[in-house]
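Student: Dropping in work-v8.cif, with mmCIF, C-alpha atoms.
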```cif
data_data
#
loop_
_atom_site.label_atom_id
_atom_site.label_comp_id
_atom_site.auth_asym_id
_atom_site.auth_seq_id
_atom_site.Cartn_x
_atom_site.Cartn_y
_atom_site.Cartn_z
CA MET U 1 0.00 0.00 0.00
CA ASN U 2 1.31 3.47 -0.94
CA ASN U 3 0.99 5.62 2.19
CA ASP U 4 1.59 8.77 0.15
CA ARG U 5 -1.74 8.36 -1.63
CA LEU U 6 -4.71 9.67 0.33
CA SER U 7 -8.40 10.16 -0.11
CA PRO U 8 -10.56 12.44 2.03
CA SER U 9 -11.74 10.93 5.31
CA ALA U 10 -15.04 9.06 5.41
CA PRO U 11 -17.97 11.43 5.95
CA THR U 12 -18.68 12.35 9.56
CA ARG U 13 -20.71 15.09 11.19
CA ILE U 14 -19.39 18.56 10.42
CA ASN U 15 -17.27 19.83 13.31
CA LEU U 16 -17.24 23.62 13.08
CA TYR U 17 -14.70 23.91 15.87
CA ALA U 18 -12.12 21.34 14.79
CA GLY U 19 -9.96 23.16 12.27
CA ILE U 20 -9.77 26.55 13.92
CA HIS U 21 -9.14 25.01 17.33
CA LYS U 22 -6.26 22.92 15.98
CA ALA U 23 -4.82 26.10 14.49
CA LEU U 24 -5.19 28.01 17.76
CA ARG U 25 -3.70 25.19 19.83
CA ALA U 26 -0.66 25.15 17.56
CA PHE U 27 -0.34 28.94 17.56
CA MET U 28 -0.71 29.19 21.35
CA THR U 29 1.74 26.42 22.19
CA ASP U 30 4.32 27.68 19.72
CA THR U 31 4.00 31.17 21.19
CA LEU U 32 4.30 29.78 24.70
CA THR U 33 7.53 28.01 23.74
CA LYS U 34 8.91 31.17 22.15
CA LEU U 35 8.13 33.27 25.22
CA GLY U 36 9.73 30.69 27.47
CA SER U 37 12.95 30.72 25.45
CA THR U 38 13.21 34.46 24.77
CA ASP U 39 16.57 36.08 25.48
CA GLY U 40 15.75 39.24 27.42
CA ASP U 41 19.17 40.69 26.58
CA ASP U 42 18.51 40.42 22.84
CA ASP U 43 16.22 43.24 21.65
CA ALA U 44 15.48 41.56 18.31
CA HIS U 45 14.58 38.28 20.01
CA VAL U 46 12.27 40.06 22.44
CA GLU U 47 10.60 41.97 19.63
CA ALA U 48 10.03 38.81 17.58
CA SER U 49 8.44 36.99 20.52
CA LEU U 50 6.25 39.95 21.46
CA SER U 51 5.20 40.42 17.85
CA GLN U 52 3.99 36.83 17.64
CA LEU U 53 2.14 37.18 20.93
CA ARG U 54 0.43 40.36 19.76
CA THR U 55 -0.61 38.71 16.52
CA LEU U 56 -2.10 35.85 18.51
CA VAL U 57 -3.91 38.27 20.82
CA GLU U 58 -5.51 39.95 17.80
CA LEU U 59 -6.55 36.59 16.35
CA MET U 60 -8.03 35.48 19.67
CA HIS U 61 -10.10 38.69 19.81
CA SER U 62 -11.43 37.89 16.35
CA HIS U 63 -12.09 34.26 17.26
CA VAL U 64 -14.17 35.25 20.28
CA LYS U 65 -16.20 37.61 18.11
CA HIS U 66 -16.80 34.93 15.46
CA GLU U 67 -18.08 32.48 18.05
CA ASN U 68 -20.21 35.10 19.78
CA ASP U 69 -21.73 36.23 16.48
CA PHE U 70 -22.33 32.86 14.82
CA MET U 71 -21.92 29.84 17.11
CA HIS U 72 -23.70 31.12 20.18
CA PRO U 73 -26.85 32.32 18.38
CA ALA U 74 -27.07 28.94 16.65
CA LEU U 75 -26.83 27.19 20.01
CA GLU U 76 -29.28 29.47 21.79
CA ARG U 77 -31.90 29.15 19.02
CA VAL U 78 -32.29 25.43 19.65
CA GLN U 79 -31.30 25.09 23.32
CA PRO U 80 -31.53 28.29 25.36
CA GLY U 81 -28.73 28.58 27.89
CA SER U 82 -26.43 26.17 26.09
CA ALA U 83 -23.93 28.93 25.23
CA SER U 84 -24.05 30.70 28.60
CA ARG U 85 -20.98 29.07 30.18
CA ILE U 86 -18.73 29.80 27.21
CA ALA U 87 -20.17 33.29 26.76
CA THR U 88 -19.15 34.07 30.34
CA GLU U 89 -15.70 32.62 29.75
CA HIS U 90 -15.36 34.77 26.63
CA VAL U 91 -15.81 37.90 28.75
CA GLN U 92 -12.96 36.74 30.96
CA HIS U 93 -10.83 35.84 27.94
CA LEU U 94 -11.14 39.36 26.58
CA ALA U 95 -10.02 40.76 29.92
CA ASP U 96 -7.12 38.28 29.96
CA LEU U 97 -6.11 39.30 26.44
CA ALA U 98 -6.01 42.95 27.48
CA ALA U 99 -3.86 42.02 30.48
CA LEU U 100 -1.48 40.03 28.27
CA ALA U 101 -1.14 42.98 25.90
CA ALA U 102 -0.32 45.24 28.85
CA ARG U 103 2.29 42.78 30.09
CA ALA U 104 3.83 42.65 26.62
CA ASP U 105 4.07 46.45 26.61
CA ALA U 106 5.76 46.32 30.01
CA VAL U 107 8.33 43.84 28.72
CA GLU U 108 9.06 46.03 25.72
CA ALA U 109 9.59 49.11 27.88
CA ALA U 110 11.79 47.37 30.45
CA ARG U 111 15.56 46.97 30.37
CA GLY U 112 18.13 44.84 32.16
CA PRO U 113 17.06 42.61 35.05
CA ASP U 114 13.61 44.20 35.08
CA ARG U 115 12.97 42.96 31.54
CA ALA U 116 13.83 39.39 32.52
CA ALA U 117 11.43 39.60 35.46
CA ARG U 118 8.65 40.98 33.29
CA LEU U 119 9.26 38.32 30.65
CA GLN U 120 8.86 35.67 33.33
CA ASP U 121 5.66 37.30 34.51
CA LEU U 122 4.31 37.35 30.95
CA TYR U 123 5.31 33.73 30.41
CA TYR U 124 3.49 32.56 33.54
CA ALA U 125 0.37 34.59 32.76
CA PHE U 126 0.28 33.30 29.20
CA SER U 127 0.78 29.72 30.43
CA ILE U 128 -2.39 30.00 32.51
CA PHE U 129 -4.23 31.57 29.58
CA VAL U 130 -3.24 28.65 27.32
CA ALA U 131 -4.24 26.07 29.93
CA GLU U 132 -7.65 27.65 30.41
CA ASN U 133 -8.22 27.90 26.67
CA LEU U 134 -7.38 24.25 26.11
CA GLU U 135 -10.11 23.28 28.57
CA HIS U 136 -12.44 25.91 27.09
CA MET U 137 -12.04 24.56 23.56
CA HIS U 138 -12.55 20.98 24.73
CA TYR U 139 -15.91 21.95 26.21
CA GLU U 140 -16.94 23.61 22.96
CA GLU U 141 -15.93 20.58 20.91
CA THR U 142 -17.86 18.20 23.15
CA ALA U 143 -20.83 19.95 24.79
CA HIS U 144 -21.47 22.50 22.05
CA ASN U 145 -21.10 20.00 19.24
CA ALA U 146 -23.54 17.68 20.97
CA VAL U 147 -26.18 20.42 20.84
CA LEU U 148 -25.38 21.39 17.27
CA TRP U 149 -25.43 17.81 15.99
CA ALA U 150 -28.71 17.08 17.76
CA HIS U 151 -30.53 20.02 16.17
CA TYR U 152 -28.86 20.87 12.86
CA THR U 153 -28.22 18.97 9.66
CA ASP U 154 -24.76 19.05 8.11
CA ALA U 155 -26.12 21.30 5.36
CA GLU U 156 -27.32 23.78 7.98
CA LEU U 157 -23.99 23.64 9.80
CA ALA U 158 -22.20 24.24 6.51
CA ASP U 159 -24.34 27.34 5.98
CA ILE U 160 -23.32 28.66 9.41
CA HIS U 161 -19.69 28.00 8.57
CA GLN U 162 -19.90 29.76 5.21
CA ALA U 163 -21.57 32.79 6.79
CA LEU U 164 -18.79 32.99 9.38
CA VAL U 165 -15.98 32.53 6.85
CA ALA U 166 -17.45 35.28 4.68
CA THR U 167 -16.67 37.79 7.44
CA ILE U 168 -12.96 36.88 7.59
CA GLY U 169 -10.60 39.16 5.71
CA PRO U 170 -7.68 37.89 3.61
CA GLN U 171 -4.98 38.76 6.17
CA GLU U 172 -6.75 36.86 8.94
CA MET U 173 -7.52 33.95 6.62
CA SER U 174 -3.86 33.71 5.62
CA LEU U 175 -2.82 33.70 9.27
CA VAL U 176 -5.36 31.03 10.21
CA LEU U 177 -4.43 28.79 7.30
CA SER U 178 -0.73 29.13 8.09
CA TRP U 179 -1.39 27.42 11.44
CA MET U 180 -4.31 25.21 10.40
CA LEU U 181 -2.68 23.50 7.44
CA PRO U 182 0.22 21.91 9.36
CA SER U 183 -2.00 21.16 12.38
CA THR U 184 -4.62 18.98 10.71
CA THR U 185 -4.33 15.34 9.70
CA PRO U 186 -3.43 14.56 6.08
CA GLN U 187 -7.00 13.38 5.51
CA GLU U 188 -8.53 16.53 7.01
CA ARG U 189 -6.14 18.70 5.01
CA LEU U 190 -6.99 16.95 1.76
CA GLY U 191 -10.71 17.20 2.43
CA MET U 192 -10.45 20.90 3.22
CA LEU U 193 -8.46 21.73 0.10
CA SER U 194 -10.58 19.49 -2.11
CA GLU U 195 -13.64 21.47 -1.03
CA MET U 196 -11.78 24.73 -1.44
CA ARG U 197 -10.81 23.83 -5.01
CA GLU U 198 -14.51 23.42 -5.88
CA GLN U 199 -15.53 26.76 -4.34
CA ALA U 200 -12.61 29.18 -4.69
CA PRO U 201 -11.39 30.92 -7.86
CA PRO U 202 -8.33 29.14 -9.32
CA PRO U 203 -5.88 31.95 -8.44
CA VAL U 204 -7.02 31.84 -4.81
CA PHE U 205 -6.71 28.08 -4.68
CA ASP U 206 -3.24 28.22 -6.25
CA ALA U 207 -2.24 30.79 -3.64
CA VAL U 208 -3.40 28.51 -0.85
CA LEU U 209 -1.34 25.70 -2.37
CA GLY U 210 1.64 28.02 -2.18
CA LEU U 211 0.96 28.61 1.48
CA ALA U 212 0.56 24.87 2.08
CA ARG U 213 3.86 24.12 0.38
CA SER U 214 5.64 26.72 2.52
CA ARG U 215 4.14 25.50 5.80
CA LEU U 216 4.01 21.73 5.42
CA ALA U 217 6.78 19.24 6.01
CA PRO U 218 7.99 17.72 2.73
CA THR U 219 6.25 14.39 3.35
CA ASP U 220 2.95 16.08 4.19
CA TRP U 221 3.17 18.32 1.13
CA THR U 222 3.86 15.31 -1.11
CA LYS U 223 0.81 13.48 0.30
CA LEU U 224 -1.38 16.53 -0.25
CA ALA U 225 -0.14 17.17 -3.78
CA ARG U 226 -0.67 13.54 -4.76
CA GLY U 227 -4.11 13.49 -3.17
CA LEU U 228 -5.12 16.60 -5.11
CA GLY U 229 -3.46 15.37 -8.28
CA VAL U 230 -1.26 18.45 -8.63
CA PRO U 231 2.50 18.68 -9.25
CA ALA U 232 4.61 18.70 -6.12
CA ALA U 233 7.55 20.48 -7.78
CA PRO U 234 8.57 23.52 -5.69
CA GLN U 235 8.63 25.93 -8.62
CA VAL U 236 4.97 25.30 -9.46
CA TRP U 237 3.40 27.07 -6.51
CA PRO U 238 4.43 30.62 -5.60
CA GLU U 239 4.53 31.92 -2.07
CA TYR U 240 1.09 32.91 -0.81
CA VAL U 241 0.77 36.69 -0.45
CA PRO U 242 -2.87 37.64 0.33
CA VAL U 243 -4.44 40.71 -1.19
CA ALA U 244 -4.97 43.41 1.44
#
```
Would it be possible to restate this file's structure as structure tokens?
Tutor:
Amino acid sequence: MNNDRLSPSAPTRINLYAGIHKALRAFMTDTLTKLGSTDGDDDAHVEASLSQLRTLVELMHSHVKHENDFMHPALERVQPGSASRIATEHVQHLADLAALAARADAVEAARGPDRAARLQDLYYAFSIFVAENLEHMHYEETAHNAVLWAHYTDAELADIHQALVATIGPQEMSLVLSWMLPSTTPQERLGMLSEMREQAPPPVFDAVLGLARSRLAPTDWTKLARGLGVPAAPQVWPEYVPVA
């Protein structure tokens, strides 16, 4: 059997949380590792770590808004109160994100031993934020999906997903895909891009292939290219640069 040849996974219920949560888990844990290894005496290293954290903070703000605007109304329509726990946690998450941004500013302004202390403070605070979000996302993927699957067809869930995706700008979509593509299974990745090829204009799909090639390990890229039936040669797919 050729393990490089894939087909999309067998149909299952649509999981609106799966892809984005895998992307956020990867982004959060990578950022946590970077903060924990940042050299406080190296201005460029500090700036790179803080820049990634700030980008994540912005994405988390957007993610909370997407869930508040699309997922929670869908839940509340069919089971009132089913979104209340997570809605309350979202309020706390926004406060935590503001506190993390303030800590990042404090690190940037500090020098010498004070910077190292503030970096440690930021690292600990962000560690707790990641831990709480991992539990938070697990609840959404279990309790929330149970409600959604009990009351909505896959076609209806797909409509919710399309409405949400339509509100995402190209810069945010590029960022999400850069973390989602290497975080999903080969089967999930192939299914996602197979669907995208049917719906997106060819130049957009080609651009996403360029992003995939730049973000995936060589073996994963080869599996994806073969599954899609496209050339795997590096020169075929340019680097993905989204239109502003």
Student: What's the separation between CA of Pro113 in chain U and CA of Gly40 in chain U, in Å to one decimal place?
Tutor: 8.4 Å
Student: When the PyMOL selection byres ((chain U and resi 123) around 10) is applied to the file above, which residues end up in the set, as an MDAnalysis selection string?
Tutor: chainID U and resid 31:38 100 103:104 117:122 124:129
Student: Please provide the set of residues having any atom within 12 Å of range 158-174 of chain U, restricted to only C-alpha atoms, with same-chain residues fewer than 2 positions apart removed, written as a ChimeraX atom specification.
Tutor: /U:13-20,23,55-56,58-63,65-75,148-149,152-156,176-181,195-196,199,204,207-212,215,239-244
Student: Between CA of Leu224 in chain U and CA of Leu190 in chain U, what is the distance in Å, rounded to a tenth?
Tutor: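 Computing the Euclidean distance for CA of Leu224 in chain U and CA of Leu190 in chain U yields 6.0 Å.
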Student: Mind checking which residues fall within 10 Å of Leu134 in chain U, counting all atoms listed in the file, ignoring those fewer than 6 positions away in the same chain, and posting them as a ChimeraX atom specification?
Tutor: /U:21,24-25,28,128
Student: When the PyMOL selection byres ((chain U and resi 228) around 12) is applied to the file above, which residues end up in the set, as a PyMOL selection string?
Tutor: chain U and resi 4-8+186-187+189-198+205-206+209+221-227+229-232
Student: Quick one, how far is CA of Arg115 in chain U from CA of Ala131 in chain U?
Tutor: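 Distance reported for this atom pair: 24.2 Å.
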Student: When you count all atoms listed in the file, which of these residues is closest to Gln92 in chain U: U:Glu132, U:Asp114, U:Glu108, U:Asp39?
Tutor: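 Of U:Glu132, U:Asp114, U:Glu108, U:Asp39, the one nearest Gln92 in chain U is U:Glu132, counting all atoms listed in the file.
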Student: Around the point (-8.7, 36.1, 27.3), in the coordinates given by the file, pick out the residues reaching within 9 Å, counting only C-alpha atoms, and return them as a PyMOL selection string.
Tutor: chain U and resi 57+60-61+64+89-100+129+133
